[in-house]
$ cat model_3.txt   # compact mmCIF, C-alpha atoms
# COMPACT_ATOMS: atom_id res chain seq x y z
CA MET B 7 -48.11 27.33 32.90
CA GLU B 8 -44.73 25.58 33.07
CA LYS B 9 -44.46 22.44 30.91
CA LEU B 10 -43.67 19.24 32.80
CA VAL B 11 -40.05 18.13 32.39
CA SER B 12 -38.93 14.56 33.10
CA ILE B 13 -35.31 14.37 34.29
CA LEU B 14 -33.92 10.85 33.84
CA LEU B 15 -31.00 9.52 35.90
CA VAL B 16 -29.37 6.10 35.65
CA ASN B 17 -27.66 4.73 38.76
CA PHE B 18 -25.24 1.80 38.91
CA ASN B 19 -23.52 1.24 42.28
CA ASN B 20 -22.73 4.94 42.74
CA LYS B 21 -25.54 6.32 44.88
CA HIS B 22 -23.26 9.09 46.22
CA PHE B 23 -23.22 10.68 42.74
CA THR B 24 -26.99 10.35 42.43
CA ILE B 25 -27.59 11.95 45.83
CA GLU B 26 -25.32 14.91 45.06
CA CYS B 27 -27.08 15.37 41.72
CA LEU B 28 -30.45 15.41 43.50
CA LYS B 29 -29.17 18.07 45.88
CA SER B 30 -28.37 20.34 42.94
CA LEU B 31 -31.78 19.63 41.37
CA MET B 32 -33.46 20.79 44.57
CA LYS B 33 -32.14 24.31 43.86
CA LEU B 34 -33.76 24.64 40.42
CA ASN B 35 -35.81 27.78 39.77
CA TYR B 36 -38.17 25.82 37.50
CA LYS B 37 -40.57 23.80 39.64
CA ASN B 38 -42.66 21.62 37.32
CA PHE B 39 -40.44 18.59 36.91
CA GLU B 40 -40.29 14.95 37.85
CA ILE B 41 -37.22 12.78 38.37
CA ILE B 42 -37.13 9.18 37.19
CA ILE B 43 -34.18 7.18 38.51
CA THR B 44 -33.39 3.80 37.00
CA ASP B 45 -31.33 1.66 39.34
CA ASN B 46 -29.47 -0.26 36.67
CA GLY B 47 -28.61 -3.61 38.26
CA SER B 48 -26.79 -2.27 41.35
CA THR B 49 -26.07 -4.60 44.22
CA GLN B 50 -29.03 -5.09 46.54
CA SER B 51 -27.31 -3.19 49.37
CA ASN B 52 -26.50 -0.20 47.12
CA TYR B 53 -30.05 -0.11 45.82
CA LEU B 54 -31.60 -0.27 49.31
CA LYS B 55 -29.31 2.49 50.58
CA LEU B 56 -30.23 4.66 47.59
CA LYS B 57 -33.93 3.97 48.19
CA GLU B 58 -33.56 5.06 51.81
CA GLU B 59 -31.60 8.20 50.92
CA ILE B 60 -34.20 9.26 48.35
CA LYS B 61 -36.86 9.43 51.07
CA LYS B 62 -35.13 12.57 52.38
CA PHE B 63 -35.87 14.33 49.07
CA THR B 64 -39.44 13.19 48.40
CA PRO B 65 -41.17 15.93 50.44
CA LYS B 66 -39.74 18.50 48.00
CA LEU B 67 -38.96 16.53 44.84
CA ASN B 68 -41.22 14.33 42.71
CA ILE B 69 -39.00 11.24 42.43
CA LYS B 70 -39.79 7.83 41.04
CA LEU B 71 -37.22 5.06 41.58
CA ILE B 72 -37.46 2.06 39.28
CA ARG B 73 -35.35 -1.05 39.53
CA SER B 74 -33.78 -3.34 36.96
CA ASN B 75 -32.37 -6.57 38.39
CA ILE B 76 -29.78 -6.72 35.61
CA LYS B 77 -27.59 -4.00 34.17
CA LEU B 78 -29.28 -2.66 31.03
CA TYR B 79 -26.45 -0.21 30.32
CA PHE B 80 -27.17 3.40 29.42
CA ALA B 81 -29.48 2.80 26.45
CA GLY B 82 -31.64 0.19 28.18
CA GLY B 83 -31.71 1.99 31.52
CA THR B 84 -32.70 5.28 29.88
CA ASN B 85 -35.40 3.64 27.74
CA LYS B 86 -36.87 2.10 30.87
CA ALA B 87 -37.06 5.56 32.45
CA ILE B 88 -38.57 7.16 29.31
CA LYS B 89 -41.40 4.61 29.40
CA GLU B 90 -42.14 5.59 33.01
CA SER B 91 -41.98 9.35 32.39
CA ASN B 92 -44.83 11.80 31.83
CA GLY B 93 -43.10 15.02 30.80
CA GLU B 94 -43.59 16.92 27.56
CA TYR B 95 -39.86 17.54 27.73
CA ILE B 96 -37.31 14.82 28.48
CA CYS B 97 -33.86 15.46 29.96
CA LEU B 98 -31.25 12.71 30.01
CA LEU B 99 -28.85 13.67 32.80
CA ASN B 100 -25.79 11.74 33.95
CA ASN B 101 -25.96 11.14 37.67
CA ASP B 102 -22.30 12.25 38.03
CA THR B 103 -23.28 15.86 37.27
CA GLU B 104 -24.48 18.93 39.11
CA VAL B 105 -26.48 21.73 37.52
CA GLU B 106 -27.10 25.46 37.97
CA PRO B 107 -30.42 26.82 39.34
CA ASN B 108 -31.33 28.17 35.87
CA PHE B 109 -30.76 24.77 34.25
CA LEU B 110 -34.40 24.13 33.29
CA ASP B 111 -35.97 27.57 32.92
CA LYS B 112 -33.28 28.82 30.51
CA ILE B 113 -33.46 25.74 28.30
CA ILE B 114 -37.21 25.13 28.29
CA ASN B 115 -37.88 28.80 27.56
CA TYR B 116 -35.51 28.64 24.57
CA MET B 117 -36.93 25.36 23.25
CA GLU B 118 -40.50 26.65 23.59
CA LYS B 119 -39.60 29.54 21.28
CA ASN B 120 -37.79 27.34 18.75
CA GLU B 121 -39.95 24.42 17.67
CA GLU B 122 -37.39 23.23 15.11
CA ILE B 123 -35.06 22.04 17.91
CA GLY B 124 -34.95 18.26 18.19
CA MET B 125 -32.21 17.89 20.79
CA LEU B 126 -30.12 20.29 22.86
CA CYS B 127 -27.20 20.17 25.28
CA PRO B 128 -25.85 22.97 27.50
CA LYS B 129 -22.21 23.84 28.05
CA ILE B 130 -20.46 21.18 30.16
CA VAL B 131 -17.36 21.83 32.27
CA TYR B 132 -15.25 19.73 34.60
CA PHE B 133 -16.59 19.68 38.16
CA THR B 134 -13.09 19.79 39.63
CA LYS B 135 -11.89 22.41 37.10
CA PRO B 136 -14.98 24.49 36.32
CA ASN B 137 -13.01 27.00 34.28
CA TYR B 138 -12.14 24.24 31.77
CA LEU B 139 -14.53 22.93 29.15
CA TRP B 140 -15.61 19.34 28.62
CA TYR B 141 -18.25 19.98 25.92
CA ALA B 142 -18.96 23.02 23.77
CA GLY B 143 -20.53 21.33 20.77
CA ALA B 144 -19.21 18.40 18.77
CA TYR B 145 -17.87 17.45 15.37
CA LEU B 146 -18.86 14.33 13.44
CA ASN B 147 -17.56 13.43 9.99
CA PRO B 148 -16.80 9.91 8.66
CA ARG B 149 -14.54 11.39 5.98
CA THR B 150 -11.84 12.59 8.38
CA ILE B 151 -9.08 10.96 10.39
CA TYR B 152 -10.79 12.07 13.61
CA PHE B 153 -14.33 10.84 12.76
CA SER B 154 -15.73 12.58 15.86
CA TYR B 155 -14.61 14.74 18.74
CA LEU B 156 -15.99 17.09 21.37
CA ILE B 157 -15.31 20.77 20.69
CA GLY B 158 -13.58 22.72 23.44
CA THR B 159 -12.49 19.75 25.54
CA ASN B 160 -9.72 20.70 28.00
CA GLN B 161 -9.70 24.32 26.80
CA LYS B 162 -9.91 27.10 29.36
CA ASP B 163 -13.34 28.69 29.24
CA ASN B 164 -12.75 32.30 28.27
CA GLY B 165 -16.17 32.74 26.71
CA GLN B 166 -14.95 31.63 23.28
CA TYR B 167 -17.86 29.17 23.02
CA ASP B 168 -20.63 31.31 24.50
CA GLN B 169 -22.75 31.50 21.35
CA ILE B 170 -25.79 29.30 20.81
CA LYS B 171 -25.16 27.24 17.68
CA GLU B 172 -26.09 24.15 15.71
CA THR B 173 -23.82 21.19 16.23
CA SER B 174 -23.21 17.72 14.78
CA TYR B 175 -24.48 15.94 17.88
CA VAL B 176 -25.33 16.68 21.48
CA ALA B 177 -23.86 14.80 24.40
CA GLY B 178 -26.04 12.35 26.33
CA THR B 179 -24.53 13.74 29.52
CA ALA B 180 -27.27 16.40 29.61
CA LEU B 181 -29.51 15.90 26.60
CA PHE B 182 -32.88 17.63 26.21
CA THR B 183 -35.54 16.54 23.76
CA LYS B 184 -39.33 16.53 23.40
CA ARG B 185 -41.71 13.64 23.77
CA ASP B 186 -43.11 14.20 20.30
CA VAL B 187 -39.58 13.90 18.85
CA ILE B 188 -39.15 10.53 20.57
CA GLU B 189 -42.54 9.42 19.24
CA LYS B 190 -41.29 10.13 15.72
CA ILE B 191 -37.76 8.65 15.93
CA GLY B 192 -38.22 5.93 18.55
CA LEU B 193 -36.26 5.11 21.69
CA LEU B 194 -32.50 4.73 21.99
CA ASP B 195 -31.21 1.71 20.05
CA GLU B 196 -30.27 -0.80 22.76
CA ILE B 197 -27.90 -2.71 20.47
CA PHE B 198 -25.31 -0.03 21.30
CA PHE B 199 -25.55 -0.73 25.07
CA MET B 200 -23.44 2.37 25.77
CA TYR B 201 -21.24 4.74 23.69
CA SER B 202 -22.66 6.15 20.42
CA GLU B 203 -26.28 5.46 21.37
CA GLU B 204 -27.08 9.17 21.74
CA VAL B 205 -25.10 9.96 18.57
CA ASP B 206 -27.41 7.61 16.68
CA TRP B 207 -30.44 9.18 18.39
CA ASN B 208 -29.24 12.68 17.42
CA TYR B 209 -28.71 11.61 13.84
CA ARG B 210 -32.19 10.16 13.53
CA ALA B 211 -33.71 13.43 14.76
CA LYS B 212 -31.58 15.45 12.37
CA GLN B 213 -32.56 13.24 9.43
CA ILE B 214 -36.21 14.21 9.79
CA GLY B 215 -35.44 17.91 9.90
CA TYR B 216 -34.81 18.74 13.55
CA LYS B 217 -31.89 20.89 14.68
CA LEU B 218 -29.24 19.85 17.22
CA ILE B 219 -28.27 22.76 19.44
CA TYR B 220 -25.36 23.63 21.74
CA PHE B 221 -26.75 25.97 24.42
CA PRO B 222 -24.11 27.71 26.60
CA GLU B 223 -26.47 29.92 28.62
CA THR B 224 -26.50 27.40 31.45
CA VAL B 225 -23.68 25.12 32.63
CA VAL B 226 -23.47 21.49 33.76
CA TYR B 227 -20.61 20.35 36.01
CA HIS B 228 -19.38 16.87 35.08
CA LYS B 229 -17.50 14.71 37.58
CA VAL B 230 -15.01 13.14 35.22
CA ASN B 231 -11.26 13.43 35.13
CA PRO B 232 -9.74 15.82 32.58
CA ILE B 233 -8.65 14.04 29.40
CA THR B 234 -4.88 13.66 29.35
CA LYS B 235 -2.36 11.54 27.48
CA GLU B 236 -2.45 9.12 30.43
CA THR B 237 -6.24 8.76 30.37
CA ARG B 238 -6.20 8.22 26.60
CA LEU B 239 -3.64 5.44 27.07
CA GLY B 240 -5.66 4.12 30.02
CA TYR B 241 -8.56 3.48 27.66
CA ARG B 242 -6.41 0.81 26.04
CA GLU B 243 -6.24 -0.98 29.37
CA ASN B 244 -10.00 -1.53 29.24
CA PRO B 245 -11.14 -4.19 26.71
CA PHE B 246 -14.79 -3.40 27.51
CA GLN B 247 -14.37 0.17 26.23
CA VAL B 248 -12.16 -0.86 23.31
CA TYR B 249 -14.77 -3.37 22.18
CA LEU B 250 -17.83 -1.13 22.44
CA TYR B 251 -16.16 2.02 21.06
CA THR B 252 -14.94 0.14 17.99
CA ARG B 253 -18.07 -1.94 17.41
CA ASN B 254 -20.50 0.94 17.94
CA LYS B 255 -18.82 3.38 15.55
CA ILE B 256 -19.02 0.71 12.85
CA ILE B 257 -22.69 -0.01 13.63
CA PHE B 258 -23.53 3.70 13.58
CA THR B 259 -21.74 4.22 10.26
CA PHE B 260 -23.34 1.23 8.53
CA LYS B 261 -26.76 2.10 9.92
CA ASN B 262 -26.81 5.76 8.94
CA TYR B 263 -24.32 6.71 6.22
CA SER B 264 -24.07 6.30 2.45
CA LEU B 265 -22.00 3.54 0.86
CA LEU B 266 -19.33 6.10 -0.09
CA ASP B 267 -19.10 7.38 3.48
CA ILE B 268 -18.84 3.81 4.80
CA ILE B 269 -15.90 3.14 2.45
CA LEU B 270 -14.21 6.42 3.42
CA PHE B 271 -14.82 5.72 7.11
CA PHE B 272 -12.99 2.40 6.84
CA CYS B 273 -10.20 3.68 4.59
CA ILE B 274 -9.48 6.92 6.46
CA TYR B 275 -10.41 6.11 10.05
CA GLN B 276 -11.32 2.58 11.08
CA LEU B 277 -8.56 0.50 9.45
CA ARG B 278 -5.92 2.83 10.87
CA ALA B 279 -7.50 2.73 14.34
CA SER B 280 -7.94 -1.05 14.33
CA LEU B 281 -4.41 -1.74 13.10
CA PHE B 282 -3.09 0.42 15.92
CA GLU B 283 -5.17 -1.47 18.51
CA ILE B 284 -4.16 -4.87 17.09
CA LEU B 285 -0.48 -3.91 17.12
CA PHE B 286 -0.84 -2.66 20.71
CA SER B 287 -2.46 -5.96 21.74
CA ILE B 288 0.31 -8.03 20.14
CA LEU B 289 3.16 -5.95 21.56
CA GLN B 290 1.62 -5.91 25.03
CA ARG B 291 0.79 -9.62 24.82
CA LYS B 292 -2.89 -9.09 25.54
CA PRO B 293 -4.82 -11.80 23.69
CA LYS B 294 -8.14 -10.74 25.24
CA PHE B 295 -7.74 -7.30 23.65
CA LEU B 296 -6.81 -8.85 20.31
CA ILE B 297 -9.92 -11.04 20.34
CA ALA B 298 -12.07 -8.07 21.36
CA GLN B 299 -10.75 -5.98 18.47
CA PHE B 300 -11.37 -8.67 15.85
CA ARG B 301 -14.81 -9.44 17.26
CA ALA B 302 -15.66 -5.71 17.31
CA LEU B 303 -14.89 -5.45 13.58
CA VAL B 304 -16.92 -8.54 12.67
CA MET B 305 -19.92 -7.84 14.92
CA GLY B 306 -19.92 -4.16 14.01
CA ILE B 307 -20.34 -5.03 10.34
CA ILE B 308 -22.91 -7.80 10.94
CA ILE B 309 -25.07 -5.71 13.28
CA GLY B 310 -24.64 -2.59 11.16
CA LEU B 311 -25.90 -4.41 8.06
CA ARG B 312 -28.89 -5.81 9.95
CA ARG B 313 -29.80 -2.37 11.30
CA ARG B 314 -29.31 -0.81 7.86
CA THR B 315 -31.88 -3.22 6.41
CA ASN B 316 -34.25 -2.79 9.40
CA ARG B 317 -33.86 -6.33 10.69
CA ASN B 318 -34.16 -6.97 14.42
CA CYS B 319 -31.22 -8.06 16.53
CA ARG B 320 -32.94 -9.72 19.52
CA LYS B 321 -30.80 -12.87 19.44
CA ILE B 322 -27.64 -10.88 18.79
CA ILE B 323 -28.41 -8.53 21.70
CA LYS B 324 -28.57 -11.54 24.02
CA GLN B 325 -25.30 -12.93 22.64
CA GLU B 326 -23.59 -9.55 22.89
CA TYR B 327 -24.87 -9.03 26.43
CA LYS B 328 -23.25 -12.30 27.51
CA TYR B 329 -19.99 -11.36 25.79
CA ILE B 330 -19.61 -7.86 27.22
CA ASN B 331 -20.42 -9.21 30.68
CA THR B 332 -17.21 -11.24 30.47
CA PHE B 333 -15.51 -7.84 31.00
CA LYS B 334 -17.33 -7.38 34.30
CA LYS B 335 -14.35 -6.03 36.23
CA TYR B 336 -13.80 -3.30 33.62
CA ARG B 337 -17.39 -2.01 33.53
CA SER B 338 -18.45 1.23 35.19

$ encode --input "model_3.txt" --output "structure tokens"
Amino acid sequence: MEKLVSILLVNFNNKHFTIECLKSLMKLNYKNFEIIITDNGSTQSNYLKLKEEIKKFTPKLNIKLIRSNIKLYFAGGTNKAIKESNGEYICLLNNDTEVEPNFLDKIINYMEKNEEIGMLCPKIVYFTKPNYLWYAGAYLNPRTIYFSYLIGTNQKDNGQYDQIKETSYVAGTALFTKRDVIEKIGLLDEIFFMYSEEVDWNYRAKQIGYKLIYFPETVVYHKVNPITKETRLGYRENPFQVYLYTRNKIIFTFKNYSLLDIILFFCIYQLRASLFEILFSILQRKPKFLIAQFRALVMGIIIGLRRRTNRNCRKIIKQEYKYINTFKKYRS
């Protein structure tokens, strides 16, 4: 008998993506699955339109739509869906993706035969350029100038990454895990809000002996723009991203790595990156960016130390939520 799989989607004011994703899920060969959609603080009109559109799928798909009146970001929205799910297997799936018909049967069959797998992600390509890779595994090392990067990004897919392999972390874009893994490591850490939350989740699974797997035998099509020099520079036009990327890498490092790795992370990677961002903010006369960068360094260390010593951050989460909401026009 097929094991029940819970596919979790998070929607925020982009119901068109969610609907197209549902259309691709209708074509799955594997039939024993449920879909939990968290509407993550969308406008009332967007939510009601999504609710109406979903009715067209309910005769064929087992869909549960849950609503949060405020934006909980990816970590909070996903945790809300996990709590409502019933599957033995859990799949975090970005709503701006489409999948192949063999998406579930290939992966669940492989995971059933390999109990040591904690988390797994398939090959991910660009939706608009499906012969180019977005994810083919990932690299994570605090002792290098790069710290982390996705393997294969922007490379033409000539089958060079068609081998199943262990990886440093698996992308939250299409992340598979098991309920018993979550019961052992806990939910996503909501202090991250978004960015690095799944990296932390991966790391916690790996620390208790589970393997992280890149699985290229099925493909996910991701509706993001190819990474170019312009898009990399565009990131620096978004203080919301600058703040969370910087802060969250520091939190993750303090929370999970040794004292030596923390020192090397700052010496080799973070100080260089922060100095560059500070210089950019000064030269471009962007005080809001400058404040965000300094605050990211301070709060990253404070929160990282609290998480490292297993102290809760309830008050800080509320304070941080108010702060990142000041970047409302930059959020996605």

$ residues_near_point --input "model_3.txt" --point "(-17.9, 14.7, 13.1)" --cutoff "12 Å" --atoms "all atoms listed in the file" --output "list in words"
Gly143, Ala144, Tyr145, Leu146, Asn147, Pro148, Arg149, Thr150, Ile151, Tyr152, Phe153, Ser154, Tyr155, Leu156, Ile157, Thr173, Ser174, Tyr175, Val176, Val205, Tyr209, Lys255, Thr259, Phe271 and Tyr275 of chain B

$ closest_residue --input "model_3.txt" --among "B:Ala177, B:Ile25, B:Leu31, B:Ile72" --to "B:Asn46" --atoms "only C-alpha atoms"
B:Ile72

$ atom_distance --input "model_3.txt" --atom1 "atom CA of B:Asp168" --atom2 "atom CA of B:Ala180"
17.1 Å

$ closest_residue --input "model_3.txt" --among "B:Asn35, B:Asn52, B:Gln161, B:Thr134" --to "B:Lys112" --atoms "all atoms listed in the file"
B:Asn35

$ closest_atom_pairs --input "model_3.txt" --of "stretch 188-229 of chain B" --to "stretch 114-120 of chain B" --cutoff "12 Å" --atoms "only C-alpha atoms" --output "tab-separated table"
residue	atom	partner	partner_atom	distance
B:Tyr216	CA	B:Asn120	CA	10.5
B:Lys217	CA	B:Asn120	CA	9.6
B:Leu218	CA	B:Met117	CA	11.2
B:Ile219	CA	B:Met117	CA	9.8
B:Tyr220	CA	B:Tyr116	CA	11.7
B:Phe221	CA	B:Tyr116	CA	9.2
B:Pro222	CA	B:Tyr116	CA	11.6
B:Glu223	CA	B:Tyr116	CA	10.0
B:Thr224	CA	B:Ile114	CA	11.4

$ closest_residue --input "model_3.txt" --among "B:Asp195, B:Glu121, B:Glu203, B:Glu106" --to "B:Thr183" --atoms "all atoms listed in the file"
B:Glu121

$ atom_distance --input "model_3.txt" --atom1 "atom CA of B:Lys162" --atom2 "atom CA of B:Ala142"
11.4 Å

$ residues_around --input "model_3.txt" --residues "B:Leu15" --least-positions-apart "4" --cutoff "7 Å" --atoms "all atoms listed in the file" --output "JSON, numbers by chain"
{"B": [42, 43, 44, 98, 99, 100, 101]}

$ closest_residue --input "model_3.txt" --among "B:Phe199, B:Tyr79, B:Tyr95, B:Tyr227" --to "B:Tyr138" --atoms "all atoms listed in the file"
B:Tyr227

$ closest_residue --input "model_3.txt" --among "B:Phe182, B:Tyr167, B:Tyr249, B:Tyr329" --to "B:Ile96" --atoms "only C-alpha atoms"
B:Phe182

$ decode --input "model_3.txt" --residues "stretch 247-289 of chain B" --atoms "C-alpha atoms" --output "JSON list (two decimals), in the first residue's frame"
[["chain", "number", "residue", "atom", "x", "y", "z"],
["B", 247, "GLN", "CA", 17.05, 40.34, 1.71],
["B", 248, "VAL", "CA", 20.34, 41.92, 2.76],
["B", 249, "TYR", "CA", 19.23, 41.94, 6.38],
["B", 250, "LEU", "CA", 17.91, 38.38, 6.56],
["B", 251, "TYR", "CA", 20.69, 36.79, 4.46],
["B", 252, "THR", "CA", 23.36, 38.36, 6.67],
["B", 253, "ARG", "CA", 21.62, 37.84, 10.01],
["B", 254, "ASN", "CA", 20.58, 34.25, 9.29],
["B", 255, "LYS", "CA", 24.00, 33.00, 8.19],
["B", 256, "ILE", "CA", 25.42, 34.34, 11.46],
["B", 257, "ILE", "CA", 22.63, 32.72, 13.50],
["B", 258, "PHE", "CA", 23.11, 29.40, 11.72],
["B", 259, "THR", "CA", 26.88, 29.48, 12.26],
["B", 260, "PHE", "CA", 26.67, 30.37, 15.96],
["B", 261, "LYS", "CA", 23.91, 27.84, 16.55],
["B", 262, "ASN", "CA", 25.57, 24.87, 14.87],
["B", 263, "TYR", "CA", 29.34, 25.18, 14.43],
["B", 264, "SER", "CA", 32.41, 24.90, 16.65],
["B", 265, "LEU", "CA", 34.13, 27.96, 18.10],
["B", 266, "LEU", "CA", 36.97, 27.54, 15.58],
["B", 267, "ASP", "CA", 34.53, 27.43, 12.66],
["B", 268, "ILE", "CA", 32.75, 30.53, 13.97],
["B", 269, "ILE", "CA", 36.07, 32.43, 14.06],
["B", 270, "LEU", "CA", 37.00, 31.23, 10.57],
["B", 271, "PHE", "CA", 33.53, 32.10, 9.26],
["B", 272, "PHE", "CA", 33.93, 35.69, 10.44],
["B", 273, "CYS", "CA", 37.57, 36.04, 9.36],
["B", 274, "ILE", "CA", 37.24, 34.44, 5.93],
["B", 275, "TYR", "CA", 33.66, 35.17, 4.93],
["B", 276, "GLN", "CA", 31.47, 37.45, 7.03],
["B", 277, "LEU", "CA", 33.77, 40.43, 7.69],
["B", 278, "ARG", "CA", 34.63, 40.62, 4.00],
["B", 279, "ALA", "CA", 30.96, 40.39, 2.99],
["B", 280, "SER", "CA", 29.81, 42.95, 5.57],
["B", 281, "LEU", "CA", 32.54, 45.45, 4.72],
["B", 282, "PHE", "CA", 31.51, 45.22, 1.08],
["B", 283, "GLU", "CA", 27.84, 45.84, 1.94],
["B", 284, "ILE", "CA", 28.71, 48.74, 4.27],
["B", 285, "LEU", "CA", 30.91, 50.36, 1.62],
["B", 286, "PHE", "CA", 28.14, 49.90, -0.96],
["B", 287, "SER", "CA", 25.62, 51.56, 1.39],
["B", 288, "ILE", "CA", 27.91, 54.54, 2.03],
["B", 289, "LEU", "CA", 28.82, 55.06, -1.63]]
